[in-house]
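Asker: Sharing a structure with you now.
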6 protein chains.
Amino acid sequence: VKLASDVDLRKIAAMTSGFSGADLANLINEAALLTARENKDAVTMKELSEAIERVTAGLEKKQRVLQEEERRRVAYHEAAHALVAHVLPDADPVHKVSIIPRGFAALGYTMQRPEEDRFLLTRNELCSRIQVLLAGTLGEELVFEEISTGAHNDLERATELARSMVTDYGMSRLGRVTYRQTTSSGLLDGGAGTPREYSEKTAQMIDDEVKYLIDELIEGTRKVLFEKKVGMEALAKKLIEVEVVDAETLAKLL
Amino acid sequence: VKLASDVDLRKIAAMTSGFSGADLANLINEAALLTARENKDAVTMKELSEAIERVTAGLEKKQRVLQEEERRRVAYHEAAHALVAHVLPDADPVHKVSIIPRGFAALGYTMQRPEEDRFLLTRNELCSRIQVLLAGTLGEELVFEEISTGAHNDLERATELARSMVTDYGMSRLGRVTYRQTTSSGLLDGGAGTPREYSEKTAQMIDDEVKYLIDELIEGTRKVLFEKKVGMEALAKKLIEVEVVDAETLAKLL
Amino acid sequence: VKLASDVDLRKIAAMTSGFSGADLANLINEAALLTARENKDAVTMKELSEAIERVTAGLEKKQRVLQEEERRRVAYHEAAHALVAHVLPDADPVHKVSIIPRGFAALGYTMQRPEEDRFLLTRNELCSRIQVLLAGTLGEELVFEEISTGAHNDLERATELARSMVTDYGMSRLGRVTYRQTTSSGLLDGGAGTPREYSEKTAQMIDDEVKYLIDELIEGTRKVLFEKKVGMEALAKKLIEVEVVDAETLAKLL
Amino acid sequence: VKLASDVDLRKIAAMTSGFSGADLANLINEAALLTARENKDAVTMKELSEAIERVTAGLEKKQRVLQEEERRRVAYHEAAHALVAHVLPDADPVHKVSIIPRGFAALGYTMQRPEEDRFLLTRNELCSRIQVLLAGTLGEELVFEEISTGAHNDLERATELARSMVTDYGMSRLGRVTYRQTTSSGLLDGGAGTPREYSEKTAQMIDDEVKYLIDELIEGTRKVLFEKKVGMEALAKKLIEVEVVDAETLAKLL
Amino acid sequence: VKLASDVDLRKIAAMTSGFSGADLANLINEAALLTARENKDAVTMKELSEAIERVTAGLEKKQRVLQEEERRRVAYHEAAHALVAHVLPDADPVHKVSIIPRGFAALGYTMQRPEEDRFLLTRNELCSRIQVLLAGTLGEELVFEEISTGAHNDLERATELARSMVTDYGMSRLGRVTYRQTTSSGLLDGGAGTPREYSEKTAQMIDDEVKYLIDELIEGTRKVLFEKKVGMEALAKKLIEVEVVDAETLAKLL
Amino acid sequence: VKLASDVDLRKIAAMTSGFSGADLANLINEAALLTARENKDAVTMKELSEAIERVTAGLEKKQRVLQEEERRRVAYHEAAHALVAHVLPDADPVHKVSIIPRGFAALGYTMQRPEEDRFLLTRNELCSRIQVLLAGTLGEELVFEEISTGAHNDLERATELARSMVTDYGMSRLGRVTYRQTTSSGLLDGGAGTPREYSEKTAQMIDDEVKYLIDELIEGTRKVLFEKKVGMEALAKKLIEVEVVDAETLAKLL
């Protein structure tokens with residue numbers, strides 16, 4: 001399978017995160033088929049995008065059968081994401097909430113205006129993104145008292161964003177200095193890169209700062225969820241009932 | 001041997017853990033044979049599953065001859081696993097307990113409802129899993145006073161679960177931050193990944209938290225074993241006698 | 001594609017920083033084409049340079065559509081760069097400021113006399129370069145109160161320069177000793193290099209010194225921007241209006 | 001040379017430890033020869049075992065000529081191993097003691113019931129193994145006052161066992177947590193593994209615990225040797241005289 | 001290109017330090033050409049040496065055009081090197097000073113009796129070498145007050161020498177123990193080597209000792225330059241005028 | 001060039017330590033030639049040994065021309081080695097002392113009974129070896145006041161021996177525990193090994209112990225040299241005169 005020069009692997013990787021090895025193999029097959037059908041000799045971005053849609057659709061079909069208790073939990077989890085995204089002024093607006101399992105890891109999802117359209121993000125916008133991510137696990141906690149493994153991906157992405165604020169964007173008390181974990185100079189070395197150049201003490205200050213940022217944002221998110229608990233419950237119940245809720249219905253419920 | 005695109009290597013790896021190199025070679029041979037017999041040109045998940053069953057069965061046959069004292073120890077070890085799994089409300093129910101050696105490392109096993117059917121695990125469910133794992137060594141300790149090397153695999157898995165609770169799921173006093181040991185971005189780098197990004201002090205806090213979690217769960221498990229020692233002994237004796245005990249018999253004994 | 005012996009990969013890498021993988025592929029194609037057209041059998045520096053210009057031009061064409069708010073922010077960001085470069089006596093003079101997006105990462109740029117013409121840089125000249133780099137984010141802060149992700153590249157380069165002053169050029173309180181992160185002896189090993197040879201305490205002193213340098217230079221840059229805020233605003237507004245401002249206009253505005 | 005699927009490389013590696021590169025080459029040659037003679041097309045465990053015996057035998061023949069003083073030292077060293085193995089209740093019984101040099105590193109050996117027959121080892125059994133290993137150097141010390149390089153292999157294995165008790169089997173004051181140095185998930189990565197995941201402080205606690213364990217076991221072993229010094233000397237003298245002593249003679253002497 | 005067995009890659013690497021990738025490619029071409037012309041089938045040391053001379057000559061021709069201010073700085077820098085080499089009793093005598101740029105990194109050079117003729121260096125001789133290396137940056141500082149990036153290579157080599165005195169030659173307060181950064185046993189492993197074997201505390205003591213050595217030698221060098229400032233200025237002015245100064249003229253000027 | 005199975009690479013590596021790359025190439029050529037001449041199809045140990053002798057002889061011929069001062073220093077350096085080897089009861093007797101440069105790094109040598117004949121070394125014998133190694137630099141110090149780079153190899157080997165006493169042989173205050181820098185399990189992994197498993201604090205204790213051992217042995221060696229300074233000077237002068245001194249002459253001189 002030859003790739004055309006317009007293929008941006010970074011984008012593909014982003015669109016297929018959560019795919020299993022088998023899903024990726026299917027994706028390549030689909031794209032190769034589409035390319036052959038159009039008599040092209042290299043797979044372009046167009047074929048790849050279409051293939052991704054098909055595979056994703058296929059994945060939606062062979063629905064995982066969640067147990068009733070799990071399904072309830074997923075509903076509250078997504079409702080909390082959607083609620084916080086709806087309420088925070090700097091968060092991207094919600095288009096759709098769903099508890100139909102998709103892909104390898106996602107048991108539900110809350111769709112917002114895609115990130116790709118933005119070139120700059122302000123500090124407040126980043127904080128709002130983190131709060132939306134944290135909302136899922138905090139919602140579970142509020143309703144079920146104990147949390148579950150379902151928030152792993154959210155927590156990982158929230159931690160990554162907070163870490164970027166500290167190490168890449170100069171948005172923390174560590175100041176306008178960047179801290180690189182590894183570096184690769186691209187064309188000249190084969191991507192091997194160098195190990196992190198900062199000291200242990202700096203690594204520790206970064207850890208503390210990331211924790212501080214997350215803890216602060218948890219505080220704010222908890223407050224939002226607590227105040228709007230009624231709305232969240234309405235949305236969760238709606239989700240259990242109809243599985244997918246669009247922007248309009250969402251606005252009415254909250 | 002070509003693999004069909006539906007083969008999920010992760011699943012295969014999970015199902016063959018404990019296989020020796022020779023066992024794995026047998027597995028590949030069996031699967032290739034089954035594929036040839038059905039005139040397929042790639043090994044699918046179906047052939048692999050059947051091959052795994054055959055190899056495992058073969059392994060069961062060439063029984064290791066345990067010494068009498070070792071066999072008694074294994075019986076109490078498995079009885080303790082089964083007892084705790086039976087008693088804890090959040091543990092998966094026991095289907096079968098056996099002291100017939102199997103594969104490379106397992107001298108006996110306690111079968112519970114397979115993990116694969118669950119998509120989410122709550123904090124209590126994870127704790128129960130750890131307690132079931134710890135029960136084996138604690139049972140040996142209760143009966144024989146000194147423990148043995150037989151609990152190695154249990155302890156390793158218990159430690160891994162506890163570590164995941166701390167570093168992946170935000171279920172400890174370290175909060176809703178994730179801590180990655182290594183990272184691989186999948187499609188873009190060849191799985192090389194980056195070394196751990198957190199500091200020594202954080203590593204130490206993680207170690208302390210894992211130890212704290214395990215120590216607390218040991219406390220609770222010891223109490224269960226102590227209170228139900230009579231049942232454990234009945235089960236162990238039954239196992240020594242008949243080697244395999246099913247769910248029904250188990251329920252009667254405890 | 002064969003490379004002629006006059007090709008300096010280091011230069012090419014410098015000229016294509018920020019190119020995406022697809023951009024680089026285009027570059028190679030263009031250069032190969034130009035080489036074929038001139039019946040040469042190896043790509044020389046000449047073809048590569050021309051190819052870079054074409055690809056860059058192509059990138060300028062397919063303009064990214066920034067949102068209005070983002071465009072305003074970019075204008076102030078670039079105006080701040082240009083203002084500080086214009087004011088500091090040891091900074092290279094500004095030739096052109098633009099808010100036309102270019103390449104993968106640059107949403108705007110301030111062009112100064114190219115670095116390649118200089119063989120030596122004094123301590124003051126290095127400090128001025130860092131101040132020009134820092135000016136973008138400080139300008140955003142002055143006008144919009146919160147900063148954005150747009151300064152990432154600037155901060156990274158400023159940190160690198162400050163780090164070089166400490167570890168390579170003996171220009172800090174750590175004295176005339178050099179501190180190597182990794183070493184590669186070129187011809188003899190395949191570029192593998194050795195891990196850093198200095199101690200943790202030294203690494204920490206380097207971190208502290210880099211932070212101290214940057215913090216001091218931020219102080220001075222903030223003062224410049226505050227005093228000349230009117231000029232910066234005039235320039236930013238001009239940029240929003242006409243997108244590109246040349247040296248002459250700039251001088252008149254400030 | 002093709003290997004049959006029944007070949008367990010782990011076992012082979014264990015049986016050939018101490019072989020030089022040339023010894024290993026001889027081994028492969030012998031095994032290939034035996035396989036060819038039997039018209040098999042892959043070397044099985046049977047041929048390999050026979051080849052190992054032949055090579056070992058060959059190694060025994062080309063005896064190293066020890067100096068008289070060295071020979072005496074080896075005799076006391078082995079006598080101490082044998083004595084402690086004979087005396088400790090949880091140690092495996094001694095079959096044969098020899099001071100005929102064998103292989104690359106062994107100047108003598110004490111043969112006990114082979115480990116391969118055991119599936120579980122209790123804490124006491126592990127401690128006894130360590131004490132038997134330590135006995136050699138402690139015996140030298142008792143008789144010659146200064147120790148020699150001959151105990152290197154013993155000390156290494158004793159340290160490894162003690163470390164396993166701490167990190168793998170939960171048999172120390174560090175509790176029922178496992179500590180992995182590196183991890184390899186077998187089928188999925190090429191054995192590359194991950195670096196150790198525990199912190200420096202934990203590494204230090206492990207070191208301290210290993211040292212504590214060894215020091216305690218040295219105490220006990222010294223006492224045994226001191227009390228039975230007469231028996232050890234009788235055995236050493238016998239060894240110097242006849243080179244090999246079997247279980248029966250040993251029992252009479254001690 | 002085949003290399004004859006008399007080619008000492010270490011020597012070649014030393015003679016071509018500072019060559020760019022393109023320079024090295026030219027070098028190989030020239031050597032291959034010379035070898036072909038003499039009908040040899042392998043490049044010997046003779047052809048390589050001649051090729052190096054030609055390439056170096058070529059590099060001298062395409063002179064870099066320094067700015068006037070840079071040229072003055074280079075002249076003082078080299079004059080300081082030459083002065084200190086001339087004055088210190090244990091330094092190698094100066095043959096030639098030049099401010100004609102050469103190769104990739106050298107904007108000027110001070111030629112002393114080549115190192116290759118010496119087999120042993122005493123502590124004083126090593127200290128003198130370091131002082132000659134430090135002189136360039138200290139001369140710049142004395143005349144221009146601020147220093148420049150031009151001393152990077154000098155500082156790196158001075159640091160390396162000082163580090164060798166501490167870690168390889170037992171010439172510091174850390175005593176007659178050697179400290180290896182990495183080790184490679186040559187024939188047996190592919191040069192992979194082992195990571196440093198000493199502790200963090202030792203690494204810190206080495207760093208401190210290197211810094212102490214350099215600081216002490218800076219003190220002495222500054223004194224020399226201060227006392228002989230008139231001579232240095234005379235030499236620098238001569239260099240600006242005629243570009244190259246030989247040993248005789250140098251002696252007259254100082 | 002094919003190697004016969006009797007070739008022990010470890011031995012070859014030991015016999016060719018100090019060879020340059022070119023020397024090694026010559027060695028291979030010589031061995032191949034000798035093998036061809038005898039119509040063998042694989043190089044055996046016999047050809048390799050003869051080739052090593054020839055190459056070494058050739059290296060002796062193309063004598064390095066030492067400067068007079070350097071030659072004197074080498075004479076005292078070797079005289080000190082020989083003196084201490086002669087005086088210490090546990091050191092191997094001296095056969096020959098020479099100041100004819102040989103191989104890549106050796107400017108002179110003191111030949112003792114080869115190590116290969118010994119299988120065990122006692123603690124005292126190891127200490128004596130270290131003292132003989134240290135004697136060279138201490139002799140230089142006694143006579144010339146400042147030391148030279150000529151002792152590098154001696155110091156490295158002395159440090160290695162002392163480190164082995166601490167980490168491999170249980171001969172220090174760190175007790176009968178072994179400390180491995182890296183481990184390679186030979187047949188099973190490709191020699192990759194694992195990074196050191198002990199903690200920073202342990203690494204520091206090892207460093208301190210190695211330094212303590214060396215410092216103590218320096219003390220004793222200095223005393224010997226001081227007391228027998230007259231003998232050392234006689235031997236050094238003889239060496240300057242005749243270049244090689246045998247055991248008999250040595251005994252008469254001291």
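Chain labels follow the order of the structure tokens: the first chain is A, the next B, and so on; residue numbering restarts at 1 in every chain, and ligands are counted from 1 in their shown order.
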Tell me, as a count of residues only, which residues lie within 6 Å of stretch 77-89 of chain E, counting only C-alpha atoms; anything in the same chain fewer than 2 positions away does not count.
Answerer: 11
Asker: Can you list every residue of chain E that has an atom at most 7 Å from chain F, with its nearest atom pair and the distance in Å to one decimal, using only C-alpha atoms, ordered by chain then number, as a Markdown table?
Answerer:
| residue | atom | partner | partner_atom | distance |
| --- | --- | --- | --- | --- |
| E:Ser5 | CA | F:Ala22 | CA | 5.5 |
| E:Asp6 | CA | F:Ala22 | CA | 5.6 |
| E:Val7 | CA | F:Ala22 | CA | 6.5 |
| E:Asp8 | CA | F:Ala22 | CA | 6.1 |
| E:Leu120 | CA | F:Gly150 | CA | 5.6 |
| E:Leu121 | CA | F:Ser148 | CA | 5.4 |
| E:Thr122 | CA | F:Ser148 | CA | 4.0 |
| E:Arg123 | CA | F:Ser148 | CA | 5.8 |
| E:Asp168 | CA | F:His152 | CA | 5.8 |
| E:Tyr169 | CA | F:His152 | CA | 5.2 |
| E:Arg176 | CA | F:Leu155 | CA | 6.4 |
| E:Val177 | CA | F:Thr159 | CA | 5.7 |
| E:Thr178 | CA | F:Glu156 | CA | 5.5 |
| E:Leu187 | CA | F:Ala13 | CA | 6.2 |
| E:Glu197 | CA | F:Gln181 | CA | 6.8 |
| E:Tyr198 | CA | F:Ala203 | CA | 6.4 |
| E:Ser199 | CA | F:Ala203 | CA | 5.0 |
| E:Glu200 | CA | F:Glu200 | CA | 6.8 |
| E:Lys201 | CA | F:Gln204 | CA | 6.5 |
Asker: Just write the chosen residues, all heavy atoms, as a compact mmCIF listing (two decimals), in the first residue's frame.
Answerer:
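The file below, result.txt, is the result:
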# COMPACT_ATOMS: atom_id res chain seq x y z
N SER E 5 44.82 -1.63 5.34
CA SER E 5 44.89 -1.96 6.77
C SER E 5 45.75 -0.96 7.55
O SER E 5 45.73 -0.96 8.78
CB SER E 5 45.44 -3.37 6.96
OG SER E 5 46.77 -3.42 6.52
N ASP E 6 46.47 -0.10 6.86
CA ASP E 6 47.31 0.85 7.61
C ASP E 6 46.54 2.10 8.01
O ASP E 6 47.08 3.00 8.65
CB ASP E 6 48.56 1.24 6.80
CG ASP E 6 48.24 2.29 5.74
OD1 ASP E 6 47.12 2.25 5.21
OD2 ASP E 6 49.10 3.14 5.47
N VAL E 7 45.28 2.18 7.60
CA VAL E 7 44.51 3.40 7.88
C VAL E 7 44.08 3.42 9.36
O VAL E 7 43.43 2.49 9.82
CB VAL E 7 43.27 3.49 6.98
CG1 VAL E 7 42.37 4.63 7.43
CG2 VAL E 7 43.70 3.69 5.54
N ASP E 8 44.47 4.44 10.05
CA ASP E 8 44.11 4.60 11.46
C ASP E 8 42.96 5.59 11.57
O ASP E 8 43.16 6.80 11.51
CB ASP E 8 45.33 5.09 12.25
CG ASP E 8 45.03 5.16 13.74
OD1 ASP E 8 43.84 5.16 14.10
OD2 ASP E 8 45.99 5.19 14.52
N LEU E 120 53.76 11.11 26.65
CA LEU E 120 53.39 11.36 28.04
C LEU E 120 53.19 12.85 28.23
O LEU E 120 53.92 13.66 27.65
CB LEU E 120 54.54 10.96 28.97
CG LEU E 120 54.83 9.49 29.17
CD1 LEU E 120 56.07 9.34 30.02
CD2 LEU E 120 53.65 8.81 29.84
N LEU E 121 52.23 13.21 29.03
CA LEU E 121 52.08 14.61 29.39
C LEU E 121 52.07 14.71 30.91
O LEU E 121 51.37 13.94 31.57
CB LEU E 121 50.77 15.18 28.83
CG LEU E 121 50.74 15.38 27.33
CD1 LEU E 121 49.34 15.74 26.86
CD2 LEU E 121 51.72 16.49 26.92
N THR E 122 52.85 15.67 31.46
CA THR E 122 52.84 15.83 32.91
C THR E 122 51.66 16.70 33.31
O THR E 122 51.02 17.34 32.47
CB THR E 122 54.13 16.49 33.40
OG1 THR E 122 54.15 17.82 32.90
CG2 THR E 122 55.35 15.73 32.88
N ARG E 123 51.38 16.73 34.60
CA ARG E 123 50.27 17.54 35.12
C ARG E 123 50.41 19.00 34.70
O ARG E 123 49.46 19.62 34.24
CB ARG E 123 50.23 17.42 36.65
CG ARG E 123 48.92 17.93 37.27
CD ARG E 123 48.94 17.84 38.76
NE ARG E 123 47.63 18.19 39.31
CZ ARG E 123 47.15 19.44 39.37
NH1 ARG E 123 47.87 20.44 38.91
NH2 ARG E 123 45.95 19.67 39.87
N ASP E 168 40.65 10.23 34.62
CA ASP E 168 41.53 9.25 33.98
C ASP E 168 42.94 9.20 34.56
O ASP E 168 43.57 8.15 34.57
CB ASP E 168 41.68 9.55 32.47
CG ASP E 168 40.39 9.40 31.72
OD1 ASP E 168 39.49 8.72 32.22
OD2 ASP E 168 40.27 9.99 30.63
N TYR E 169 43.45 10.36 35.00
CA TYR E 169 44.88 10.42 35.32
C TYR E 169 45.19 10.57 36.80
O TYR E 169 46.35 10.73 37.18
CB TYR E 169 45.52 11.57 34.54
CG TYR E 169 45.37 11.43 33.05
CD1 TYR E 169 44.91 12.49 32.28
CD2 TYR E 169 45.67 10.23 32.42
CE1 TYR E 169 44.74 12.35 30.91
CE2 TYR E 169 45.49 10.08 31.05
CZ TYR E 169 45.03 11.15 30.30
OH TYR E 169 44.87 11.00 28.95
N ARG E 176 43.86 8.59 43.17
CA ARG E 176 44.33 7.72 42.09
C ARG E 176 43.31 6.65 41.74
O ARG E 176 43.62 5.46 41.61
CB ARG E 176 45.65 7.04 42.52
CG ARG E 176 46.75 7.99 42.89
CD ARG E 176 47.24 8.81 41.72
NE ARG E 176 47.94 10.00 42.18
CZ ARG E 176 49.23 10.02 42.50
NH1 ARG E 176 49.97 8.98 42.36
NH2 ARG E 176 49.78 11.15 42.92
N VAL E 177 42.05 7.04 41.64
CA VAL E 177 41.01 6.11 41.21
C VAL E 177 40.52 6.62 39.87
O VAL E 177 40.47 7.82 39.65
CB VAL E 177 39.85 6.08 42.24
CG1 VAL E 177 38.73 5.18 41.79
CG2 VAL E 177 40.37 5.64 43.59
N THR E 178 40.22 5.72 38.93
CA THR E 178 39.68 6.19 37.66
C THR E 178 38.16 6.07 37.67
O THR E 178 37.60 5.20 38.35
CB THR E 178 40.24 5.38 36.48
OG1 THR E 178 39.91 4.01 36.65
CG2 THR E 178 41.75 5.52 36.38
N LEU E 187 36.93 -5.91 21.08
CA LEU E 187 36.69 -7.04 20.20
C LEU E 187 35.39 -7.78 20.55
O LEU E 187 34.69 -8.26 19.67
CB LEU E 187 37.87 -8.01 20.28
CG LEU E 187 38.07 -8.89 19.05
CD1 LEU E 187 38.44 -8.04 17.85
CD2 LEU E 187 39.12 -9.92 19.30
N GLU E 197 29.52 3.69 35.93
CA GLU E 197 29.34 2.79 37.05
C GLU E 197 29.43 3.50 38.40
O GLU E 197 29.14 2.90 39.43
CB GLU E 197 30.35 1.64 36.98
CG GLU E 197 31.78 2.10 36.88
CD GLU E 197 32.76 0.94 36.61
OE1 GLU E 197 32.32 -0.17 36.28
OE2 GLU E 197 33.97 1.15 36.72
N TYR E 198 29.81 4.77 38.40
CA TYR E 198 29.94 5.44 39.69
C TYR E 198 28.63 6.10 40.11
O TYR E 198 27.70 6.23 39.31
CB TYR E 198 31.09 6.46 39.66
CG TYR E 198 31.08 7.41 38.49
CD1 TYR E 198 30.27 8.53 38.47
CD2 TYR E 198 31.91 7.18 37.40
CE1 TYR E 198 30.28 9.40 37.41
CE2 TYR E 198 31.92 8.06 36.32
CZ TYR E 198 31.11 9.16 36.33
OH TYR E 198 31.11 10.02 35.27
N SER E 199 28.57 6.52 41.38
CA SER E 199 27.32 7.03 41.94
C SER E 199 27.13 8.51 41.64
O SER E 199 28.05 9.21 41.21
CB SER E 199 27.34 6.83 43.46
OG SER E 199 28.32 7.69 44.02
N GLU E 200 25.90 8.98 41.88
CA GLU E 200 25.56 10.39 41.75
C GLU E 200 26.50 11.26 42.58
O GLU E 200 26.97 12.31 42.12
CB GLU E 200 24.14 10.62 42.24
CG GLU E 200 23.13 10.74 41.17
CD GLU E 200 23.53 11.78 40.16
OE1 GLU E 200 23.76 12.96 40.49
OE2 GLU E 200 23.66 11.38 38.99
N LYS E 201 26.78 10.87 43.81
CA LYS E 201 27.62 11.69 44.68
C LYS E 201 29.02 11.82 44.08
O LYS E 201 29.62 12.89 44.11
CB LYS E 201 27.72 11.07 46.09
CG LYS E 201 28.22 12.07 47.16
CD LYS E 201 28.56 11.37 48.46
CE LYS E 201 30.05 11.47 48.77
NZ LYS E 201 30.51 10.46 49.73
Asker: Using DSSP secondary structure from the backbone, list all helix (DSSP H, G or I) positions within stretch 80-228 of chain A, as a PyMOL selection string.
Answerer: chain A and resi 80-87+115-117+123-144+149-167+200-227
